[in-house]
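J.: Handing you a structure now.
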Amino acid sequence: MDDETLFNGPMEPLYDELGAEQMLRIIFNYTTKIANERSLQRVLILMADMGREMIRADRCTVWIIDHSRGELFTRVSHGVEELRIPLGSGFVGHSIATGEPLLIENAALDPRHNSENDRATGYRTHTVITVPFVGSDGQIIGAYQAVNKLAASGVFSRQDLEYLKLAASYAGKSLESVILHEEIASTQRELILALGEIGESRSKETGYHVKRVAEYSYILALGLGFAQTEAEHLKMASPMHDIGKIAIPDSILQKPGKLTTEEYELMKTHTVIGYNMLGSSKRELLHSAAYIAHQHHEKWNGSGYPQGLQGHDIHLYGRITAVADVFDALGSDRVYKKAWELDRIISLMKEERGQHFDPRIVDVFFTQLPRLLAIRDQYQDPLLFSPQSELA
């Protein structure tokens, strides 16, 4: 699909051109909002809205290069999470490939325009502007694209092109910063998930355990009223809950029977080891993971370990992860036990409400149980153990 016909809908009423004072007000208003944003989706929407208002366009879109997939993508409103097109396609693809802006007065006469898409969508592309974004290293990272002028002239002017260039120069650095922020966050997520899986694999548990615990924690957090961003943050941090197990001997981790008192005391040190591994990091995500690693075996009544914390003294992330971890552990085959039946798990969760677990989180657990079970079905362990005995 060609880029300039991805959006569908009626043209808006015609507007008069903006004065200099109005233009400055729009720039100031949007650049202030953009500078304070860390969400790429929000930045793209704000930038598109800014460009649209500045030059009175019917549609304005900000496209970003995804080099790994050879595509251009954007995240927009109108109920669509993401749109992707081939890297070299349409007017925007040409502009990014050449590094030059385009001012197209009549799209129908230009061979780069795919008129089939206009016929398919019912939208008519008349006039188009594209302006590439350049990063701090001089490389193109994406482009603005505006479609169809709403003023009486009916076509974009050279002045409109200059205004869109101005919008790009104001917002481009913020866009680059947000892209870099998302890349760092993505790298951290991959690293945390990989390390979490390493910790589980040493105790003969599959990587699906950490995926399930992450998803369970996310669902429980939303049920507790967390904002989407914080629930995502917990989801990214929780896979590190057992990272300290990498320092526990195999003879303990893989023992098919009940641990001795001495072995159990050594096993419990994985919480402190995990905290020491992560706690010195200045990254918020790893700092949260450190609290989870340290406190997910604490109990609401104070009988847990390693510190014997009680009630709200236990970090909320640790309390949530405790419910998610125990629910998954009970329902999974382990080297020392068979998976419990769901009825037995439900009985234990009720019994441990206000004892092991925060009562409010247990209440959310039961409210969200259908979603939790759907996650369990989605991420089933590919290999099952043959347990020899079960812990008392």
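A note on labels: chains of the structure tokens are A, B, ... as shown, every chain counts residues from 1, and ligands are counted from 1 in their shown order.
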Using backbone DSSP assignments, extract all alpha helix (DSSP H) residues from region 86-318 of chain A; output them as a PyMOL selection string.

T.: chain A and resi 90-98+115-121+158-201+207-223+228-237+250-253+261-268+270-278+284-295+316-318

J.: Find the spatial neighbours of Lys350 (chain A), counting only C-alpha atoms, within a cut-off of 12 Å - ignore same-chain residues fewer than 6 positions away - and output them as a list in words.

T.: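 Result of the neighbour search: Val323, Phe327, Asp343, Arg344, His356, Phe357, Asp358, Pro359, Arg360, Ile361, Val362, Asp363, Val364, Phe365 and Phe366 of chain A.
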
J.: Using only C-alpha atoms, can you tell me which of A:Gln228, A:Ser95, A:Gln22, A:Ser238 comes closest to Ala293 (chain A)?

T.: A:Ser238

J.: Go ahead and compute the interatomic distance for CA of Ala168 (chain A) and CA of Phe133 (chain A), in Å to one decimal.

T.: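 Computing the Euclidean distance for CA of Ala168 (chain A) and CA of Phe133 (chain A) yields 6.3 Å.
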
J.: From the set A:Ile252, A:Ile345, A:Leu309, A:Ile26, which residue has the shortest atom-to-atom contact distance to Met47 (chain A), counting only C-alpha atoms?

T.: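 Going through A:Ile252, A:Ile345, A:Leu309, A:Ile26 one by one, the smallest distance to Met47 (chain A) is for A:Ile26.
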
J.: Would you mind reading off the distance between CA of Asn276 (chain A) and CA of Ile246 (chain A), one decimal, in Å?

T.: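 Atom-to-atom, CA of Asn276 (chain A) to CA of Ile246 (chain A), that is 12.7 Å.
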
J.: Would you pick out the contacts of Ile219 (chain A) at 9 Å or less, using only C-alpha atoms, so that residues sharing its chain but fewer than 6 positions from it are not included, and give the list as a ChimeraX atom specification?

T.: /A:231,235,365,368,371-372

J.: Restricting the output to N, CA, C and O atoms, write the selected residues as an mmCIF file, in the first residue's frame.

T.:
data_model
loop_
_atom_site.group_PDB
_atom_site.id
_atom_site.type_symbol
_atom_site.label_atom_id
_atom_site.label_comp_id
_atom_site.auth_asym_id
_atom_site.auth_seq_id
_atom_site.Cartn_x
_atom_site.Cartn_y
_atom_site.Cartn_z
ATOM 1 N N ALA A 231 2.624 -0.868 34.768
ATOM 2 C CA ALA A 231 2.391 -2.310 34.639
ATOM 3 C C ALA A 231 3.397 -2.926 33.670
ATOM 4 O O ALA A 231 3.919 -4.023 33.903
ATOM 5 N N LYS A 235 6.269 -5.768 34.380
ATOM 6 C CA LYS A 235 6.370 -6.917 33.480
ATOM 7 C C LYS A 235 7.802 -7.115 32.998
ATOM 8 O O LYS A 235 8.281 -8.243 32.857
ATOM 9 N N PHE A 365 -6.292 -11.446 42.002
ATOM 10 C CA PHE A 365 -5.950 -12.736 41.395
ATOM 11 C C PHE A 365 -7.214 -13.495 40.988
ATOM 12 O O PHE A 365 -7.323 -13.994 39.859
ATOM 13 N N GLN A 368 -9.042 -11.834 38.104
ATOM 14 C CA GLN A 368 -8.331 -11.955 36.828
ATOM 15 C C GLN A 368 -7.991 -13.399 36.463
ATOM 16 O O GLN A 368 -7.287 -13.626 35.473
ATOM 17 N N ARG A 371 -8.028 -14.684 32.797
ATOM 18 C CA ARG A 371 -6.923 -14.162 31.970
ATOM 19 C C ARG A 371 -5.609 -14.852 32.328
ATOM 20 O O ARG A 371 -4.785 -15.138 31.445
ATOM 21 N N LEU A 372 -5.412 -15.125 33.595
ATOM 22 C CA LEU A 372 -4.189 -15.816 34.023
ATOM 23 C C LEU A 372 -4.138 -17.228 33.450
ATOM 24 O O LEU A 372 -3.073 -17.686 33.001
#

J.: What is the CA of Ile346 (chain A)-CA of Gly331 (chain A) distance in Å, reported with one decimal?

T.: 10.5 Å

J.: Contacts of Glu265 (chain A) at 12 Å or less, counting only C-alpha atoms, minus same-chain residues fewer than 4 places along, as a ChimeraX atom specification?

T.: /A:248,252,259-261,269-272,305-306

J.: Any chance you can output those residues with N, CA, C and O atoms as a compact mmCIF listing (two decimals), in the first residue's frame?

T.:
# COMPACT_ATOMS: atom_id res chain seq x y z
N ILE A 248 23.69 -20.75 42.96
CA ILE A 248 23.34 -21.88 43.82
C ILE A 248 23.82 -23.18 43.17
O ILE A 248 23.63 -23.39 41.97
N ILE A 252 21.80 -28.70 44.64
CA ILE A 252 20.63 -28.20 45.37
C ILE A 252 19.50 -27.87 44.40
O ILE A 252 18.36 -28.28 44.60
N LEU A 259 14.75 -30.68 50.36
CA LEU A 259 16.06 -30.16 50.76
C LEU A 259 16.24 -30.35 52.27
O LEU A 259 15.29 -30.27 53.05
N THR A 260 17.50 -30.57 52.66
CA THR A 260 17.82 -30.57 54.08
C THR A 260 17.76 -29.13 54.60
O THR A 260 17.67 -28.18 53.82
N THR A 261 17.82 -28.97 55.91
CA THR A 261 17.79 -27.62 56.50
C THR A 261 18.95 -26.78 55.99
O THR A 261 18.78 -25.60 55.64
N THR A 269 19.54 -18.00 49.94
CA THR A 269 20.48 -16.90 49.67
C THR A 269 20.36 -16.37 48.24
O THR A 269 20.91 -15.31 47.94
N HIS A 270 19.61 -17.07 47.36
CA HIS A 270 19.49 -16.56 45.98
C HIS A 270 18.80 -15.21 45.95
O HIS A 270 19.02 -14.41 45.03
N THR A 271 18.00 -14.90 46.98
CA THR A 271 17.34 -13.60 47.02
C THR A 271 18.34 -12.47 47.27
O THR A 271 18.28 -11.42 46.62
N VAL A 272 19.25 -12.70 48.19
CA VAL A 272 20.27 -11.69 48.51
C VAL A 272 21.27 -11.57 47.36
O VAL A 272 21.70 -10.47 46.99
N TYR A 305 11.32 -14.77 53.83
CA TYR A 305 12.77 -14.50 53.86
C TYR A 305 13.14 -13.61 52.69
O TYR A 305 12.38 -13.48 51.75
N PRO A 306 14.30 -12.96 52.74
CA PRO A 306 15.42 -13.11 53.70
C PRO A 306 15.34 -12.17 54.90
O PRO A 306 16.08 -12.36 55.87

J.: Please list as number ranges by chain every residue within 12 Å of Gln139 (chain A), counting only C-alpha atoms and excluding residues in the same chain fewer than 5 positions away.

T.: A: 65, 96-99, 132-134, 172, 176

J.: For those residues, write N, CA and C atoms to a file as a CSV table (one decimal), in the first residue's frame.

T.:
chain,number,residue,atom,x,y,z
A,65,ILE,N,12.2,5.0,10.0
A,65,ILE,CA,12.9,3.9,9.3
A,65,ILE,C,13.1,2.8,10.3
A,96,ILE,N,13.0,9.9,1.4
A,96,ILE,CA,14.0,9.3,2.4
A,96,ILE,C,15.2,8.8,1.6
A,97,ALA,N,15.0,8.1,0.5
A,97,ALA,CA,16.1,7.6,-0.3
A,97,ALA,C,17.0,8.6,-0.9
A,98,THR,N,16.4,9.7,-1.3
A,98,THR,CA,17.2,10.8,-1.9
A,98,THR,C,17.7,11.9,-0.9
A,99,GLY,N,17.0,11.9,0.3
A,99,GLY,CA,17.4,13.0,1.2
A,99,GLY,C,16.8,14.3,0.9
A,132,PRO,N,12.4,14.9,5.0
A,132,PRO,CA,13.1,14.0,5.8
A,132,PRO,C,13.6,14.5,7.1
A,133,PHE,N,13.7,13.7,8.1
A,133,PHE,CA,14.3,14.0,9.4
A,133,PHE,C,15.7,13.5,9.4
A,134,VAL,N,16.6,14.4,9.9
A,134,VAL,CA,18.0,14.0,9.9
A,134,VAL,C,18.4,13.9,11.4
A,172,GLY,N,12.8,17.2,15.5
A,172,GLY,CA,13.6,16.1,15.1
A,172,GLY,C,14.5,15.6,16.2
A,176,GLU,N,14.6,11.8,17.8
A,176,GLU,CA,15.8,11.0,17.9
A,176,GLU,C,16.0,10.5,19.3

J.: Name the residues in contact with Gly311 (chain A) at a cut-off of 12 Å, using only C-alpha atoms, excluding same-chain residues fewer than 5 positions from it; report them as a VMD selection string.

T.: chain A and resid 295 298 to 304 316 318 to 319 353 to 361

J.: So that I can see what lies close to Ala221 (chain A), please list as a PyMOL selection string the residues with an atom at most 8 Å from it, counting only C-alpha atoms and leaving out residues fewer than 4 positions away in the same chain.

T.: chain A and resi 217+225-226+231+234+320

J.: Could you pull out the strand (DSSP E or B) residues of region 24-123 of chain A, going by DSSP on the backbone, and write them as a PyMOL selection string?

T.: chain A and resi 57-66+71-74+83-86+102-104

J.: Filtering to C-alpha atoms, could you give me those residues as a compact mmCIF listing (two decimals), in the first residue's frame?

T.:
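In the end it all went to again-v2.txt:
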# COMPACT_ATOMS: atom_id res chain seq x y z
CA ALA A 57 -3.11 19.74 5.87
CA ASP A 58 -5.92 17.18 5.82
CA ARG A 59 -3.48 14.43 6.89
CA CYS A 60 0.00 14.60 8.39
CA THR A 61 2.10 11.58 9.32
CA VAL A 62 5.57 11.01 10.76
CA TRP A 63 7.34 7.95 9.36
CA ILE A 64 10.35 6.23 10.97
CA ILE A 65 12.87 3.92 9.30
CA ASP A 66 13.06 0.35 10.62
CA GLU A 71 10.32 -0.80 6.26
CA LEU A 72 8.91 2.56 7.24
CA PHE A 73 6.49 2.60 10.16
CA THR A 74 4.29 5.01 12.04
CA LEU A 83 1.27 1.06 10.06
CA ARG A 84 4.14 -0.28 7.95
CA ILE A 85 5.12 0.12 4.30
CA PRO A 86 8.16 -1.03 2.28
CA LEU A 102 9.17 16.79 -2.16
CA LEU A 103 6.40 19.22 -3.07
CA ILE A 104 3.83 17.49 -5.27
